[in-house]
Structures are given as structure tokens and as C-alpha cells.
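*Asks:* Following this message is one structure expressed as C-alpha cells.
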Amino acid sequence: MSKSTISPEEPADNARLKPEKPVQPQTPATSGGATTPPALSYANRKLFRYGEPHRIIAGAVHYFRIHPQLWQDRIDRLVAMGVNTLDTYVAWNFHQPYKDLAPDFSGWKDLAAFITLAGNAGLDVIVRPGPYICAEWDNAGFPSWAISNPDMVLRSSDPLFTNAVEEWFDVLLPIIEPLQACHGGPVIAVQVENEYGSYGDDVEYLRWNNKALLDRGITEILFTADGGTDYFLDGGSLPETWATATLGSRGPEADAVWERRRPGEPFFTVEFWNGWFDHWGEDHHTRGGIDAGAEVKKILDLDGSICLYMAHGGTNFGLASGANHDGALQPTVTSYDSDAPIAEDGHLTEKFHAMREIFFAASGRELTPVPEKLSRPIPVLPARHFDLTRGTGLLDFVRDIEPVASVKPLAFEKLGLDRGMVHYGAKAILPVGEATIKIRDLHDRAYIWVDNVYAGVLNDATGAQGLNVETGGGLAKLEILVENQGRVNYGPFFGQGKGILDGVLINQRYVFHWEQRAINLERPLSELLEIGVPARSPGTLSGPDDESTAADTREPGYFHGEINVQEPADTYLALPGFGKGMVWINGFLLGRFWEVGPQITLYVPAPLLRTGSNEITVLELERGGTHGELLEEPNLGLVGVTYVEDLG
């Protein structure tokens with residue numbers, strides 16, 4: 001019998017095997033001699049919550065992508081869409097970017113506070129602690145220091161890997177454990193790993209991950225998540241753990257796979273891709289609410305549960321964007337709007353209303369108006385231009401950092417640098433005439449100077465091919481500034497290092513004896529702005545060729561501006577005429593910009609601004625401009641893709 005012909009009250013044909021009570025997948029929690037069963041259980045493809053029939057209607061919202069002063073607002077909007085559950089990943093590198101720093105769960109990083117806000121709003125919470133989270137987040141959530149050992153086998157039962165993760169879980173899980181439903185909290189489910197069937201087949205590792213959660217007090221239901229086909233289930237599921245799906249279409253086909261492969265388990269699409277993310281240099285993705293809603297309805301009509309990924313995407317603030325790799329690096333843009341129902345700035349889209357209507361109907365609720373406070377337009381600053389004045393030149397800045405010497409170039413990881421840039425310098429013997437500068441195993445983007453003259457750019461796709469330069473021969477100063485554009489978060493290149501991983505050649509000859517200067521752009525801006533300043537002559541704006549004057553206002557380097565605000569409100573920052581770089585607002589690293597698009601504006605949430613003077617700082621790597629713009633609407637690029645084909 002087709003599952004689509006079964007009413008919610010009717011059992012499927014295998015219902016004759018129905019147990020007396022719903023399956024409790026884990027050992028119940030014990031408190032004062034009494035046991036508290038997990039909130040969720042299942043039997044005969046039916047999901048139960050405290051023994052009553054239940055359907056999860058959820059939305060993914062990541063605390064690390066939303067300014068904490070806006071957490072409550074975004075949760076309120078999620079509730080208004082008609083969901084009953086909030087889903088969030090936990091990003092290890094958000095809490096512990098460097099090994100010498102203790103994991104931080106305060107302020108913006110207060111995971112418990114975020115979960116509690118969701119619970120207070122009446123939502124259940126699903127936590128996905130990874131440690132691998134994908135999520136288009138830098139290094140899939142791992143701090144680079146934790147997995148930089150070249151002998152470590154990532155996402156496997158290799159003790160080098162599991163020992164590192166255990167140290168993190170020993171700190172993280174005590175934050176989550178008391179928030180479980182068994183203790184009166186909102187957490188009703190916790191994920192084991194993440195889409196492992198897309199990466200490996202080490203079942204012992206999955207069992208270890210499952211056990212690591214149980215051993216640290218997680219008693220609510222555990223689940224795995226994988227693409228909606230046999231192939232992904234083969235590598236990513238465990239017989240004893242609830243398996244859930246990730247997909248963007250073909251839900252009924254996946255449900256049929258689950259009915260065959262996972263008898264008795266309810267079908268839950270823990271990631272339904274109702275939108276998609278963008279890469280720099282590619283088209284902006286959108287997906288219509290009618291199309292996405294139709295696919296959602298198919299799953300709900302099968303009595304399935306669903307979670308929108310994303311319900312609200314937020315922003316990859318700072319340097320937190322990840323990257324994909326498909327023959328070459330595909331760095332993710334700063335915005336994680338993802339064409340979600342709740343837009344990056346919180347406004348309610350056409351897709352929000354389409355999903356809301358479907359969710360209310362699926363829950364048997366009358367469709368009431370959206371609360372008035374959420375339907376009002378979100379205040380924005382009036383549009384304006386502001387001047388940007390060039391400060392310290394790019395090479396004056398990077399050359400002033402204390403160098404580290406080596407025979408071969410050192411990778412970021414060898415220098416203890418996670419994100420940012422590395423300046424490499426050496427003396428190279430050049431032939432007379434034409435020479436080709438090649439960089440083997442370059443990650444990611446290299447700006448090259450020969451004897452203070454800018455020569456060009458190489459990237460991970462062109463580094464081995466090289467850059468041709470005309471030379472007079474002899475000994476020359478070679479400088480290479482390598483930018484980390486985001487660590488790979490998905491696929492076999494996950495865990496790849498950054499910088500120059502092999503070496504630099506002039507034609508076929510290696511260049512040896514290097515100096516490296518690690519540029520940590522996540523340091524306080526006040527410290528960064530002190531670097532390179534003594535090298536400037538009074539009244540002179542030094543450029544990358546050491547001969548620039550105040551007229552060289554378009555040379556790369558720092559640019560500074562100021563805006564005055566009567567009352568803080570959201571705004572959208574554009575930098576016309578600028579090429580590529582990073583921007584700070586009042587010392588906060590907002591994110592990356594790049595003229596290749598598709599993203600044109602960067603979202604500036606109101607809490608980053610203050611009444612009165614606000615400082616804008618730009619670090620330009622390629623070509624400066626003269627002014628910035630504050631716009632009243634976002635511009636995420638021209639729509640080039642209107643349908644997302646799921647990866648399954």
C-alpha cells in the first residue's frame with residue numbers, strides 16, 4: 001500500500017508488529033531513584049511526545065549568526081511562522097578559536113541562554129553538536145588547531161581525532177545536559193555527527209560518537225542525519241539510532257527508502273533546503289515560496305516531520321564563512337540569508353507566509369494574523385554617502401609584523417594562525433627576460449610583488465600554472481600575501497590547510513629561505529591599526545610600492561570613515577569602487593566584501609551602531625575607492641538560480 005494513501009489514524013501494513021508501547025530509544029534519565037523517559041519516542045512510523053502523537057515542525061536558527069540582542073526577535077518570528085521546534089548547530093570554533101583560550105560560553109557565545117530563550121517562547125529545541133557541522137561555516141565548525149595534526153584521520157575512530165573531540169565534548173555537553181526535557185528544559189533531541197554518509201563509512205566512529213553523547217548524560221532521543229537515498233544511509237546510519245533525512249526535493253521517494261530501510265521509524269526531514277547559500281563569483285540563489293511550500297506539503301501529507309534549513313539564516317560575521325571545493329575553491333559570501341522565510345535582517349518574506357499557512361494547517365490551527373509588532377517594517381537608517389580616507393598602505397601594514405624564518409614556506413597552521421593572511425618574503429634569483437612564478441599547493445589567494453612592484457594574483461586553481469613576469473635578472477625581493485578565503489566545510493577537502501603548503505618556484509627551481517608574517521585580522525582593531533604606522537612619513541600615505549603619495553588614494557590599504565547616527569537602526573553597507581577586503585563597524589569585524597559579487601551590500605544590524613559618531617574601517621586588498629554608501633534595502637545580487645537541486 002502506498003504510504004500516501006494512509007490516513008494519520010490508520011496503521012501501515014506492518015502495524016501488526018506494533019509493540020504495546022512506543023519505542024524508547026535510549027536509557028531514561030534517573031533522578032532521585034525515578035526514571036524520566038525521553039520526551040520523544042516512536043513506533044510503527046509514528047512519532048510521540050510524552051506518549052502523545054506528535055509531529056516536529058521546526059526551523060533552523062543559529063545563535064552564532066545572529067547578534068545576541070536580536071535573538072529574542074528572531075525566535076519570536078520563528079514562533080509566528082507556526083513551528084513548534086528550534087534547531088541549532090553548535091560551532092566549536094566559535095567558542096574556542098585558539099587552543100590557549102578556554103572555551104567561552106558567555107555573551108554572544110552563551111548557548112544555554114539561547115536555548116533557554118527558545119524554551120521560554122514555547123519551543124522545543126534540537127541541538128546538533130557535531131562536532132562536524134558543515135553549515136557553510138569555516139572548517140565545518142572545527143578550530144584549525146584541533147585537527148591540524150597531519151597524522152590525524154578526520155571524522156574517524158582514529159584516537160587522535162576522537163581524543164580531541166572528547167576534550168571538547170567534556171566541556172560542551174555539560175552545558176546541554178541540564179537543558180534536556182528530562183530536567184524540565186526544552187532540548188528534546190540531539191544529533192549524532194552530521195551527514196556522515198556523505199563523507200565516510202567508519203561505523204565504529206559513529207558508534208563512538210553516539211556513546212560519547214550517552215556517556216556525558218544525554219538521555220533525550222539521539223538521531224543521525226543523511227541524504228535521502230540508500231547510498232547516504234549506507235554510510236551514515238546506525239541500526240539502533242533514529243535516522244533522519246536531509247534533502248530539498250523528492251521527499252516521498254526518500255520516505256519510501258525509509259519505509260524499506262528503517263522500518264518502524266517516523267520520517268523526519270531534519271534539513272529541508274527551502275533556499276540555498278551563495279559563493280563569491282557565482283549567481284545569487286533563490287527558491288520560490290510556492291515551489292518550496294509544495295515540497296514541504298508533500299512531506300507533511302505523509303505524516304512526516306520537517307525542519308526548514310534555514311528558517312532564518314543570519315550572517316557569517318567576521319571571517320566565519322566556509323567554502324566548498326569543486327575543482328577550485330568556492331568561498332561562501334558573508335550573508336547567510338539563504339533565501340530563508342525570515343530574511344537576514346528579520347523581515348518576513350513571501351516564503352514566510354507560504355510556510356506559515358502550511359504549518360498552521362498541518363497543526364490544525366486557525367490561521368490568525370501575524371502579531372502586529374512583527375508585521376511592522378523594521379526601522380532602517382536613511383540612505384547616505386560617506387567619505388573614506390586612505391590610511392596605512394597594505395604593505396606598510398603587513399611588513400611591520402614580526403617575521404618567522406624558515407627554509408620552506410610555512411602554512412597558516414605552522415604559524416598558529418587560523419584565519420586572516422600571511423605575508424611571505426624571500427630573495428629569489430630571477431633569470432633575464434621572462435620568468436614564471438609558480439606556487440604549489442596554494443590556499444587560497446596570493447598577491448605578488450617583485451622588487452616592490454605589484455605583479456599580479458594567483459589562486460588555488462592557477463598557482464601551479466604560475467604568473468609570468470619580465471625581469472632584468474639577478475637577486476630580487478619576492479613578496480607574496482596569501483589570504484585565507486574560508487576553510488572548506490564539506491567534502492574530501494575538509495580539513496585542508498591554508499597558505500603555501502608546498503613551495504614557490506621560479507620556473508622549475510624552488511625558492512628557499514623565507515620570512516613569514518602572520519596577520520591575525522581577528523585581533524582587536526585598535527591593535528591592528530597601530531601596525532605599520534611608524535613606517536609612514538608625516539603627511540604621506542605610503543603605498544605597496546614604497547613610493548606612493550597622498551594622491552595614491554586608490555592603492556590598497558586601510559580606509560577610514562565616519563557616520564553620525566541619531567538613533568541606531570539597521571542599514572546596508574555598500575563600498576562602490578572598492579575591490580576586495582574586510583570591513584569593521586566600531587571595531588567589530590563585520591565581514592568580507594568582493595566586487596565579483598553576487599553580494600553587494602553587507603547587513604549592519606542596529607546593535608552594532610551607537611548614537612552619535614560611528615567608525616567605519618576598511619582593509620582593501622586590491623583597489624580602493626573614495627566613499628561608502630548606506631542603503632535602505634539589501635542587495636544580495638542578481639537572481640541567477642531559482643531552483644535548488646538537492647545533493648541527494
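In the C-alpha cells, chains take the letters A, B, ... in the order shown, each chain's residues start at 1, and ligands count up from 1 in the order shown.
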Give me the stretch 495-533 of chain A side of the contact with stretch 571-586 of chain A, cut-off 12 Å, one line per residue showing its nearest atom pair and distance in Å at one decimal, counting only C-alpha atoms, sorted by chain and residue number, as CSV.

*Replies:*
```
residue,atom,partner,partner_atom,distance
A:Leu521,CA,A:Met582,CA,9.1
A:Glu522,CA,A:Trp584,CA,10.5
A:Arg523,CA,A:Trp584,CA,11.8
A:Pro524,CA,A:Trp584,CA,10.5
A:Leu525,CA,A:Trp584,CA,8.0
A:Ser526,CA,A:Asn586,CA,10.2
A:Leu528,CA,A:Trp584,CA,11.6
A:Leu529,CA,A:Trp584,CA,11.7
```

*Asks:* Write to file, as a PDB file, in the first residue's frame, the residues of the selection just made, with N, CA, C and O atoms.

*Replies:*
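Final output, selection-v4.pdb:
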```pdb
ATOM      1  N   LEU A 521      43.609  38.953  11.635  1.00  0.00           N
ATOM      2  CA  LEU A 521      42.660  40.055  11.485  1.00  0.00           C
ATOM      3  C   LEU A 521      41.547  40.021  12.528  1.00  0.00           C
ATOM      4  O   LEU A 521      40.705  40.928  12.557  1.00  0.00           O
ATOM      5  N   GLU A 522      41.546  38.997  13.360  1.00  0.00           N
ATOM      6  CA  GLU A 522      40.556  38.920  14.427  1.00  0.00           C
ATOM      7  C   GLU A 522      41.083  39.513  15.739  1.00  0.00           C
ATOM      8  O   GLU A 522      40.373  39.491  16.743  1.00  0.00           O
ATOM      9  N   ARG A 523      42.287  40.044  15.705  1.00  0.00           N
ATOM     10  CA  ARG A 523      42.774  40.816  16.843  1.00  0.00           C
ATOM     11  C   ARG A 523      41.926  42.078  16.994  1.00  0.00           C
ATOM     12  O   ARG A 523      41.280  42.515  16.034  1.00  0.00           O
ATOM     13  N   PRO A 524      41.953  42.704  18.162  1.00  0.00           N
ATOM     14  CA  PRO A 524      41.245  43.981  18.293  1.00  0.00           C
ATOM     15  C   PRO A 524      41.705  44.968  17.222  1.00  0.00           C
ATOM     16  O   PRO A 524      42.911  45.088  16.946  1.00  0.00           O
ATOM     17  N   LEU A 525      40.775  45.657  16.624  1.00  0.00           N
ATOM     18  CA  LEU A 525      41.110  46.591  15.547  1.00  0.00           C
ATOM     19  C   LEU A 525      42.087  47.659  16.023  1.00  0.00           C
ATOM     20  O   LEU A 525      42.975  48.078  15.260  1.00  0.00           O
ATOM     21  N   SER A 526      41.961  48.092  17.253  1.00  0.00           N
ATOM     22  CA  SER A 526      42.871  49.125  17.760  1.00  0.00           C
ATOM     23  C   SER A 526      44.325  48.661  17.686  1.00  0.00           C
ATOM     24  O   SER A 526      45.232  49.465  17.413  1.00  0.00           O
ATOM     25  N   LEU A 528      45.471  46.345  15.454  1.00  0.00           N
ATOM     26  CA  LEU A 528      45.822  46.249  14.041  1.00  0.00           C
ATOM     27  C   LEU A 528      46.196  47.609  13.471  1.00  0.00           C
ATOM     28  O   LEU A 528      47.128  47.728  12.670  1.00  0.00           O
ATOM     29  N   LEU A 529      45.476  48.638  13.894  1.00  0.00           N
ATOM     30  CA  LEU A 529      45.708  49.966  13.327  1.00  0.00           C
ATOM     31  C   LEU A 529      47.016  50.595  13.802  1.00  0.00           C
ATOM     32  O   LEU A 529      47.474  51.570  13.216  1.00  0.00           O
TER      33      LEU A 529
END
```

*Asks:* Can you list, as a short mmCIF file (atom, residue, chain, number, x, y, z; two decimals) with N, CA and C atoms, in the first residue's frame, every protein, DNA or RNA residue that comes within 6 Å of stretch 196-213 of chain A when you count only C-alpha atoms, leaving out same-chain residues fewer than 4 positions away?

*Replies:*
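Output saved as result08.cif:
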```cif
data_model
loop_
_atom_site.label_atom_id
_atom_site.label_comp_id
_atom_site.auth_asym_id
_atom_site.auth_seq_id
_atom_site.Cartn_x
_atom_site.Cartn_y
_atom_site.Cartn_z
N SER A 156 36.85 10.00 11.99
CA SER A 156 37.05 8.55 12.03
C SER A 156 37.27 8.12 13.47
N SER A 157 37.41 6.82 13.67
CA SER A 157 37.65 6.28 15.01
C SER A 157 39.11 6.37 15.42
N VAL A 192 23.70 12.91 16.34
CA VAL A 192 24.97 12.19 16.29
C VAL A 192 25.68 12.56 14.99
N ILE A 218 23.50 12.63 27.94
CA ILE A 218 22.41 12.93 27.00
C ILE A 218 21.46 11.73 26.99
N PHE A 232 23.48 7.26 1.03
CA PHE A 232 23.84 8.05 2.21
C PHE A 232 23.52 7.30 3.50
N GLY A 235 26.32 4.73 4.65
CA GLY A 235 27.49 5.19 5.38
C GLY A 235 27.20 5.92 6.66
N GLY A 236 25.99 6.50 6.79
CA GLY A 236 25.76 7.44 7.88
C GLY A 236 24.80 7.02 8.96
#
```

*Asks:* From the options A:Asn459, A:Asn614, A:Gln566, A:Gln191, which residue's atoms come nearest to A:Leu222, counting only C-alpha atoms?

*Replies:* A:Gln191

*Asks:* Counting only C-alpha atoms, what is within 10 Å of A:Pro382, bar same-chain residues fewer than 4 positions away, as a list of chain:residue names?

*Replies:*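 What passes the distance filter is A:Val565, A:Ala569, A:Asp570, A:Thr571, A:Leu630, A:Leu631, A:Glu632.
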
*Asks:* Just the number, please: distance in Å from atom CA of A:Thr246 to atom CA of A:Gly141, one decimal.

*Replies:* 18.7 Å

*Asks:* By how many Å are atom CA of A:Ser249 and atom CA of A:Ala343 apart?

*Replies:*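 Going from atom CA of A:Ser249 over to atom CA of A:Ala343, I get 21.5 Å.
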
*Asks:* Can you tell me, as a PDB file with all heavy atoms, in the first residue's frame, what residues are no more than 6 Å from stretch 57-73 of chain A when counting only C-alpha atoms, ignoring any on the same chain fewer than 5 positions away?

*Replies:*
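Output file around.pdb follows:
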```
ATOM      1  N   VAL A  83       5.977  27.128  13.878  1.00  0.00           N
ATOM      2  CA  VAL A  83       6.770  25.948  14.214  1.00  0.00           C
ATOM      3  C   VAL A  83       6.619  25.630  15.694  1.00  0.00           C
ATOM      4  O   VAL A  83       6.179  26.463  16.495  1.00  0.00           O
ATOM      5  CB  VAL A  83       8.263  26.150  13.863  1.00  0.00           C
ATOM      6  CG1 VAL A  83       8.424  26.638  12.434  1.00  0.00           C
ATOM      7  CG2 VAL A  83       8.941  27.112  14.824  1.00  0.00           C
ATOM      8  N   ASN A  84       6.999  24.406  16.050  1.00  0.00           N
ATOM      9  CA  ASN A  84       6.989  24.030  17.463  1.00  0.00           C
ATOM     10  C   ASN A  84       8.388  23.714  17.991  1.00  0.00           C
ATOM     11  O   ASN A  84       8.548  23.385  19.167  1.00  0.00           O
ATOM     12  CB  ASN A  84       6.050  22.834  17.713  1.00  0.00           C
ATOM     13  CG  ASN A  84       6.373  21.631  16.838  1.00  0.00           C
ATOM     14  OD1 ASN A  84       7.531  21.377  16.498  1.00  0.00           O
ATOM     15  ND2 ASN A  84       5.343  20.877  16.454  1.00  0.00           N
ATOM     16  N   THR A  85       9.401  23.829  17.112  1.00  0.00           N
ATOM     17  CA  THR A  85      10.754  23.419  17.491  1.00  0.00           C
ATOM     18  C   THR A  85      11.783  24.321  16.819  1.00  0.00           C
ATOM     19  O   THR A  85      11.616  24.690  15.648  1.00  0.00           O
ATOM     20  CB  THR A  85      11.014  21.955  17.084  1.00  0.00           C
ATOM     21  OG1 THR A  85       9.999  21.115  17.656  1.00  0.00           O
ATOM     22  CG2 THR A  85      12.380  21.478  17.547  1.00  0.00           C
ATOM     23  N   LEU A  86      12.841  24.653  17.561  1.00  0.00           N
ATOM     24  CA  LEU A  86      14.000  25.359  17.010  1.00  0.00           C
ATOM     25  C   LEU A  86      15.161  24.376  16.918  1.00  0.00           C
ATOM     26  O   LEU A  86      15.390  23.577  17.834  1.00  0.00           O
ATOM     27  CB  LEU A  86      14.373  26.545  17.896  1.00  0.00           C
ATOM     28  CG  LEU A  86      15.582  27.401  17.494  1.00  0.00           C
ATOM     29  CD1 LEU A  86      15.378  28.847  17.930  1.00  0.00           C
ATOM     30  CD2 LEU A  86      16.884  26.869  18.104  1.00  0.00           C
ATOM     31  N   ASP A  87      15.886  24.455  15.824  1.00  0.00           N
ATOM     32  CA  ASP A  87      17.045  23.586  15.587  1.00  0.00           C
ATOM     33  C   ASP A  87      18.294  24.452  15.476  1.00  0.00           C
ATOM     34  O   ASP A  87      18.283  25.485  14.787  1.00  0.00           O
ATOM     35  CB  ASP A  87      16.807  22.804  14.284  1.00  0.00           C
ATOM     36  CG  ASP A  87      18.032  22.087  13.755  1.00  0.00           C
ATOM     37  OD1 ASP A  87      18.990  22.751  13.293  1.00  0.00           O
ATOM     38  OD2 ASP A  87      18.021  20.848  13.754  1.00  0.00           O
ATOM     39  N   THR A  88      19.366  24.059  16.162  1.00  0.00           N
ATOM     40  CA  THR A  88      20.619  24.808  16.033  1.00  0.00           C
ATOM     41  C   THR A  88      21.820  23.884  16.057  1.00  0.00           C
ATOM     42  O   THR A  88      21.837  22.871  16.766  1.00  0.00           O
ATOM     43  CB  THR A  88      20.775  25.866  17.140  1.00  0.00           C
ATOM     44  OG1 THR A  88      21.927  26.680  16.844  1.00  0.00           O
ATOM     45  CG2 THR A  88      20.960  25.241  18.517  1.00  0.00           C
ATOM     46  N   TRP A 108      27.744  36.658  23.537  1.00  0.00           N
ATOM     47  CA  TRP A 108      27.242  36.151  22.251  1.00  0.00           C
ATOM     48  C   TRP A 108      27.348  34.630  22.193  1.00  0.00           C
ATOM     49  O   TRP A 108      26.608  33.970  21.468  1.00  0.00           O
ATOM     50  CB  TRP A 108      28.061  36.783  21.128  1.00  0.00           C
ATOM     51  CG  TRP A 108      27.467  36.675  19.754  1.00  0.00           C
ATOM     52  CD1 TRP A 108      26.732  35.647  19.238  1.00  0.00           C
ATOM     53  CD2 TRP A 108      27.557  37.642  18.700  1.00  0.00           C
ATOM     54  NE1 TRP A 108      26.364  35.906  17.938  1.00  0.00           N
ATOM     55  CE2 TRP A 108      26.859  37.128  17.599  1.00  0.00           C
ATOM     56  CE3 TRP A 108      28.175  38.886  18.604  1.00  0.00           C
ATOM     57  CZ2 TRP A 108      26.767  37.827  16.384  1.00  0.00           C
ATOM     58  CZ3 TRP A 108      28.082  39.576  17.403  1.00  0.00           C
ATOM     59  CH2 TRP A 108      27.383  39.050  16.307  1.00  0.00           C
ATOM     60  N   SER A 305       7.688  14.632   9.679  1.00  0.00           N
ATOM     61  CA  SER A 305       8.123  15.834  10.382  1.00  0.00           C
ATOM     62  C   SER A 305       9.132  16.575   9.514  1.00  0.00           C
ATOM     63  O   SER A 305       9.750  15.989   8.615  1.00  0.00           O
ATOM     64  CB  SER A 305       8.761  15.469  11.729  1.00  0.00           C
ATOM     65  OG  SER A 305       7.800  14.961  12.631  1.00  0.00           O
ATOM     66  N   ILE A 306       9.336  17.859   9.805  1.00  0.00           N
ATOM     67  CA  ILE A 306      10.182  18.661   8.921  1.00  0.00           C
ATOM     68  C   ILE A 306      10.861  19.789   9.689  1.00  0.00           C
ATOM     69  O   ILE A 306      10.322  20.292  10.681  1.00  0.00           O
ATOM     70  CB  ILE A 306       9.358  19.233   7.745  1.00  0.00           C
ATOM     71  CG1 ILE A 306      10.267  19.662   6.597  1.00  0.00           C
ATOM     72  CG2 ILE A 306       8.450  20.367   8.209  1.00  0.00           C
ATOM     73  CD1 ILE A 306       9.533  19.802   5.277  1.00  0.00           C
ATOM     74  N   CYS A 307      12.041  20.147   9.218  1.00  0.00           N
ATOM     75  CA  CYS A 307      12.745  21.322   9.731  1.00  0.00           C
ATOM     76  C   CYS A 307      13.265  22.116   8.547  1.00  0.00           C
ATOM     77  O   CYS A 307      13.970  21.561   7.687  1.00  0.00           O
ATOM     78  CB  CYS A 307      13.903  20.910  10.634  1.00  0.00           C
ATOM     79  SG  CYS A 307      14.896  22.304  11.230  1.00  0.00           S
ATOM     80  N   LEU A 308      12.901  23.383   8.484  1.00  0.00           N
ATOM     81  CA  LEU A 308      13.370  24.242   7.402  1.00  0.00           C
ATOM     82  C   LEU A 308      14.819  24.637   7.643  1.00  0.00           C
ATOM     83  O   LEU A 308      15.165  25.192   8.689  1.00  0.00           O
ATOM     84  CB  LEU A 308      12.514  25.506   7.299  1.00  0.00           C
ATOM     85  CG  LEU A 308      11.035  25.336   7.017  1.00  0.00           C
ATOM     86  CD1 LEU A 308      10.381  26.710   6.854  1.00  0.00           C
ATOM     87  CD2 LEU A 308      10.792  24.485   5.776  1.00  0.00           C
ATOM     88  N   TYR A 309      15.661  24.357   6.658  1.00  0.00           N
ATOM     89  CA  TYR A 309      17.052  24.789   6.723  1.00  0.00           C
ATOM     90  C   TYR A 309      17.268  25.752   5.565  1.00  0.00           C
ATOM     91  O   TYR A 309      17.258  25.342   4.411  1.00  0.00           O
ATOM     92  CB  TYR A 309      18.006  23.595   6.602  1.00  0.00           C
ATOM     93  CG  TYR A 309      19.439  23.982   6.904  1.00  0.00           C
ATOM     94  CD1 TYR A 309      19.974  23.802   8.170  1.00  0.00           C
ATOM     95  CD2 TYR A 309      20.244  24.556   5.936  1.00  0.00           C
ATOM     96  CE1 TYR A 309      21.285  24.183   8.453  1.00  0.00           C
ATOM     97  CE2 TYR A 309      21.534  24.948   6.217  1.00  0.00           C
ATOM     98  CZ  TYR A 309      22.054  24.744   7.470  1.00  0.00           C
ATOM     99  OH  TYR A 309      23.337  25.138   7.749  1.00  0.00           O
ATOM    100  N   MET A 310      17.414  27.041   5.840  1.00  0.00           N
ATOM    101  CA  MET A 310      17.269  27.700   7.129  1.00  0.00           C
ATOM    102  C   MET A 310      15.866  28.323   7.246  1.00  0.00           C
ATOM    103  O   MET A 310      15.266  28.687   6.238  1.00  0.00           O
ATOM    104  CB  MET A 310      18.314  28.801   7.249  1.00  0.00           C
ATOM    105  CG  MET A 310      19.745  28.341   7.198  1.00  0.00           C
ATOM    106  SD  MET A 310      20.266  27.363   8.643  1.00  0.00           S
ATOM    107  CE  MET A 310      20.106  28.553   9.977  1.00  0.00           C
ATOM    108  N   ALA A 311      15.403  28.469   8.510  1.00  0.00           N
ATOM    109  CA  ALA A 311      14.223  29.295   8.743  1.00  0.00           C
ATOM    110  C   ALA A 311      14.637  30.760   8.802  1.00  0.00           C
ATOM    111  O   ALA A 311      13.928  31.642   8.325  1.00  0.00           O
ATOM    112  CB  ALA A 311      13.531  28.884  10.036  1.00  0.00           C
ATOM    113  N   HIS A 312      15.791  30.989   9.404  1.00  0.00           N
ATOM    114  CA  HIS A 312      16.425  32.316   9.411  1.00  0.00           C
ATOM    115  C   HIS A 312      17.922  32.085   9.337  1.00  0.00           C
ATOM    116  O   HIS A 312      18.509  31.471  10.230  1.00  0.00           O
ATOM    117  CB  HIS A 312      16.065  33.080  10.677  1.00  0.00           C
ATOM    118  CG  HIS A 312      16.869  34.335  10.864  1.00  0.00           C
ATOM    119  ND1 HIS A 312      16.789  35.398   9.986  1.00  0.00           N
ATOM    120  CD2 HIS A 312      17.790  34.691  11.806  1.00  0.00           C
ATOM    121  CE1 HIS A 312      17.610  36.359  10.386  1.00  0.00           C
ATOM    122  NE2 HIS A 312      18.236  35.948  11.481  1.00  0.00           N
ATOM    123  N   GLY A 314      20.650  34.397   8.876  1.00  0.00           N
ATOM    124  CA  GLY A 314      21.568  35.279   9.577  1.00  0.00           C
ATOM    125  C   GLY A 314      22.775  35.648   8.733  1.00  0.00           C
ATOM    126  O   GLY A 314      22.701  35.718   7.502  1.00  0.00           O
ATOM    127  N   THR A 315      23.916  35.846   9.403  1.00  0.00           N
ATOM    128  CA  THR A 315      25.096  36.417   8.758  1.00  0.00           C
ATOM    129  C   THR A 315      26.358  35.675   9.189  1.00  0.00           C
ATOM    130  O   THR A 315      26.506  35.320  10.350  1.00  0.00           O
ATOM    131  CB  THR A 315      25.254  37.900   9.166  1.00  0.00           C
ATOM    132  OG1 THR A 315      24.031  38.595   8.907  1.00  0.00           O
ATOM    133  CG2 THR A 315      26.387  38.561   8.402  1.00  0.00           C
ATOM    134  N   ASN A 316      27.260  35.454   8.233  1.00  0.00           N
ATOM    135  CA  ASN A 316      28.586  34.918   8.542  1.00  0.00           C
ATOM    136  C   ASN A 316      29.498  36.085   8.929  1.00  0.00           C
ATOM    137  O   ASN A 316      30.349  36.521   8.153  1.00  0.00           O
ATOM    138  CB  ASN A 316      29.166  34.188   7.331  1.00  0.00           C
ATOM    139  CG  ASN A 316      28.359  32.968   6.954  1.00  0.00           C
ATOM    140  OD1 ASN A 316      27.953  32.184   7.803  1.00  0.00           O
ATOM    141  ND2 ASN A 316      28.113  32.805   5.656  1.00  0.00           N
TER     142      ASN A 316
END
```

*Asks:* Please identify the helix (DSSP H, G or I) residues within stretch 233-340 of chain A (assignment by DSSP from backbone atoms) and present them as a ChimeraX atom specification.

*Replies:* /A:233-236,251-261,289-301

*Asks:* Let me make sure I understand: among A:Tyr454, A:Phe272, A:Phe277, A:Tyr50, which one has the smallest atom-to-atom distance to A:Asp339 if we use only C-alpha atoms?

*Replies:*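 Of the candidates, the smallest distance to A:Asp339 is held by A:Phe277.
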